[in-house]
Amino acid sequence: MALRGPLSRLLRFTLSSCQQNRSHSVAVLGAPFSKGQKRRGVEHGPKAIRDAGLVERLSNLDYAVHDFGDLTFKHLEKDEHFMHVPFPRTVGRANQLLSGAVSGAVGAGHTCIMLGGDHSLAIGSVEGHAQQCPDLCLIWVDAHADINTPLTSPSGNLHGQSVAFLLKDLQNKMPEVPGFSWMKPFLSARDLVYIGLRDVDPALYLSFICVHYITIKQPMKQRPIHLSFDIDAFDPSLAPATGTPVNGGLTYREGIYVTEEIHNTGLLSVMDVVEVNPTLGATPEAVEATTSLAVDIISSALGQTREGAHITFPKIPEPKEDTELRL
C-alpha cells in the first residue's frame with residue numbers, strides 16, 4: 001500500500017508527558033453544529049454516529065466510555081457577514097464553547113472523541129486540546145486542505161478555513177474575524193500532517209506545498225496526536241452522506257490502516273469525526289454506510305483490529321468420541 005512506508009516513519013513518536021498518565025477511558029462529546037457551511041443536516045451527525053452503535057463498540061473494546069451528550073449551541077440573531085463569511089460570530093462562539101469542553105475532557109484524563117458537525121469545529125477542538133497539551137501535533141485527514149482565509153475562500157464558509165485559524169505561519173494573512181478574539185494561532189506548519197488531499201483551491205497550492213514540505217522534512221517527536229478526520233476523505237462510494245464529496249478518495253483499507261497506525265503509536269489524545277450528514281444520503285443504505293464507516297474509523301483508532309475478536313482457549317478443543325464427520 002502506498003501509505004504504508006511514509007506513514008509508518010511519520011508515526012515513530014516517543015511518549016510525551018501529556019500522554020503518560022492517560023487512563024483507559026474515552027469521553028464522547030457531540031457537537032451538533034452546521035453554521036460553518038451552508039448545507040443543513042450535518043448537525044444530525046452526532047446522533048447518527050451514536051445510533052450506528054459507537055458507544056457499544058467502544059465498550060466492547062474494554063474502554064470506560066463516558067458519553068457527555070451534545071453541546072448546546074446558540075445562533076446569534078445579529079451576526080452580519082464579515083466580508084463574505086457567513087455567521088462568523090456564531091461559529092466563533094460555538095468553537096469557544098467546544099474548546100472548553102475538549103480541554104476539560106483531556107484534563108480529566110480521557111481520550112476525547114468529538115463528533116461533528118461541520119469541520120469548522122476543529123478550530124475549538126484543537127485549541128482546547130492545546131490548552132492541555134501545547135506540544136500536540138495535528139493529523140488532518142480530509143479531501144480538502146481547509147487552509148483558506150476570508151481573502152482566498154471562494155465560498156466564505158468557515159469549515160474551509162479551520163487550519164488557517166490555527167497556524168502561526170499564516171497569522172499575517174488572516175484578518176481579525178469577529179467572534180474569534182478569544183483565540184490566537186498556536187501551531188506551526190511543522191506540527192501539521194495532511195492525508196487524503198485531492199481538492200485544493202488554486203490560490204492555496206503554494207501554501208499547501210510549503211506546509212507539506214516542512215512537515216515531511218522535519219519529523220515530529222514527543223507529540224500527543226490530534227486526529228481530525230473528515231469523512232469526505234473517503235471515496236464517495238464508501239461515504240456518500242457528506243456535503244462535499246470528491247471522487248478518488250481513500251479506500252476502506254487505506255482509511256483503516258491510517259487509524260490503526262495512529263493507535264499503534266499510543267499517542268492518540270483527541271479525535272474529531274466530522275461532516276457526516278445523514279440528510280444527504282440518497283437512500284437509508286447510503287446513510288448507514290457512512291455512519292458505520294465513522295464508527296469503524298473511531299474504533300480502529302482506539303484499538304479494534306481487522307483480525308476481529310480474539311477468543312482465548314485454555315487448550316485446543318478435542319472432539320467427543322461420538323462426533324461424526326459430516327460432509
# chains A, B, ... in the order shown; residues from 1 in each chain; ligands from 1
>>> residues_around(residues="Ala52 in chain A", least_positions_apart="2", cutoff="8 Å", atoms="only C-alpha atoms", output="VMD selection string")
chain A and resid 48 to 50 54 288 291 to 292 295
>>> select_by_dssp(residues="range 133-239 of chain A", states="strand (DSSP E)", output="ChimeraX atom specification")
/A:137-141,192-195,225-230
>>> atom_distance(atom1="CA of Gly303 in chain A", atom2="CA of Val28 in chain A")
15.9 Å
>>> closest_residue(among="A:Lys315, A:His119, A:His24, A:Arg93", to="Gly243 in chain A", atoms="only C-alpha atoms")
A:His119
>>> closest_residue(among="A:Glu176, A:Glu43, A:Asp135, A:Asp296", to="Met83 in chain A", atoms="only C-alpha atoms")
A:Glu176
>>> residues_around(residues="range 149-155 of chain A", least_positions_apart="4", cutoff="9 Å", atoms="only C-alpha atoms", output="list in words")
Gln37, Phe82, Met83, His84, Val85, Gly160, Gln161, Ser162, Ala164, Phe165, Leu170, Lys173, Met174, Pro175, Val177, Asp201, Ala203 and Leu204 of chain A
>>> atom_distance(atom1="CA of Leu97 in chain A", atom2="CA of Gln131 in chain A")
13.5 Å
>>> residues_around(residues="Ser59 in chain A", least_positions_apart="2", cutoff="12 Å", atoms="only C-alpha atoms", output="list of chain:residue names")
A:His24, A:Ser25, A:Val26, A:Ala27, A:Val28, A:Gly53, A:Leu54, A:Val55, A:Glu56, A:Arg57, A:Leu61, A:Asp62, A:Tyr63, A:Ala64, A:Val65, A:His66, A:Asp67, A:Ser299, A:Leu302, A:Gly303, A:Gln304
>>> closest_residue(among="A:Ile147, A:Ala108, A:Phe73, A:Leu158", to="Pro86 in chain A", atoms="only C-alpha atoms")
A:Leu158
>>> closest_residue(among="A:Ser188, A:Asn148, A:Gln171, A:Ser228", to="Ile123 in chain A", atoms="only C-alpha atoms")
A:Ser228
>>> select_by_dssp(residues="range 31-274 of chain A", states="helix (DSSP H, G or I)", output="ChimeraX atom specification")
/A:42-51,54-60,88-107,119-132,158-160,162-166,168-173,189-191,202-217,231-233,252-265
>>> residues_around(residues="Trp140 in chain A", least_positions_apart="4", cutoff="10 Å", atoms="only C-alpha atoms", output="list of chain:residue names")
A:Ala122, A:His144, A:Ala145, A:Asp146, A:Val163, A:Leu192, A:Val193, A:Tyr194, A:Ile195, A:Gly196, A:Leu197, A:His226, A:Leu227, A:Ser228, A:Phe229, A:Asp230, A:Ala233, A:Asp272
>>> residues_around(residues="Ile225 in chain A", least_positions_apart="6", cutoff="7 Å", atoms="only C-alpha atoms", output="list in words")
Leu136, Cys137, Leu138, Leu267, Leu268, Ser269 and Val270 of chain A
>>> write_last_selection(atoms="C-alpha atoms", output="CSV table (one decimal), in the first residue's frame")
chain,number,residue,atom,x,y,z
A,136,LEU,CA,0.4,18.4,20.2
A,137,CYS,CA,0.7,17.6,16.5
A,138,LEU,CA,-2.3,17.6,14.1
A,267,LEU,CA,-0.3,8.8,21.4
A,268,LEU,CA,-3.8,9.5,20.2
A,269,SER,CA,-5.3,12.1,22.6
A,270,VAL,CA,-8.2,13.7,20.7
>>> atom_distance(atom1="CA of Gly41 in chain A", atom2="CA of Glu275 in chain A")
9.5 Å
>>> residues_around(residues="Lys74 in chain A", least_positions_apart="6", cutoff="12 Å", atoms="only C-alpha atoms", output="number ranges by chain")
A: 31-35, 87, 89-95, 97
>>> closest_residue(among="A:Thr111, A:Gly116, A:Ser237, A:Ala286", to="Leu71 in chain A", atoms="only C-alpha atoms")
A:Gly116
>>> closest_residue(among="A:Gln222, A:Tyr252, A:Thr242, A:Leu280", to="Thr265 in chain A", atoms="only C-alpha atoms")
A:Gln222
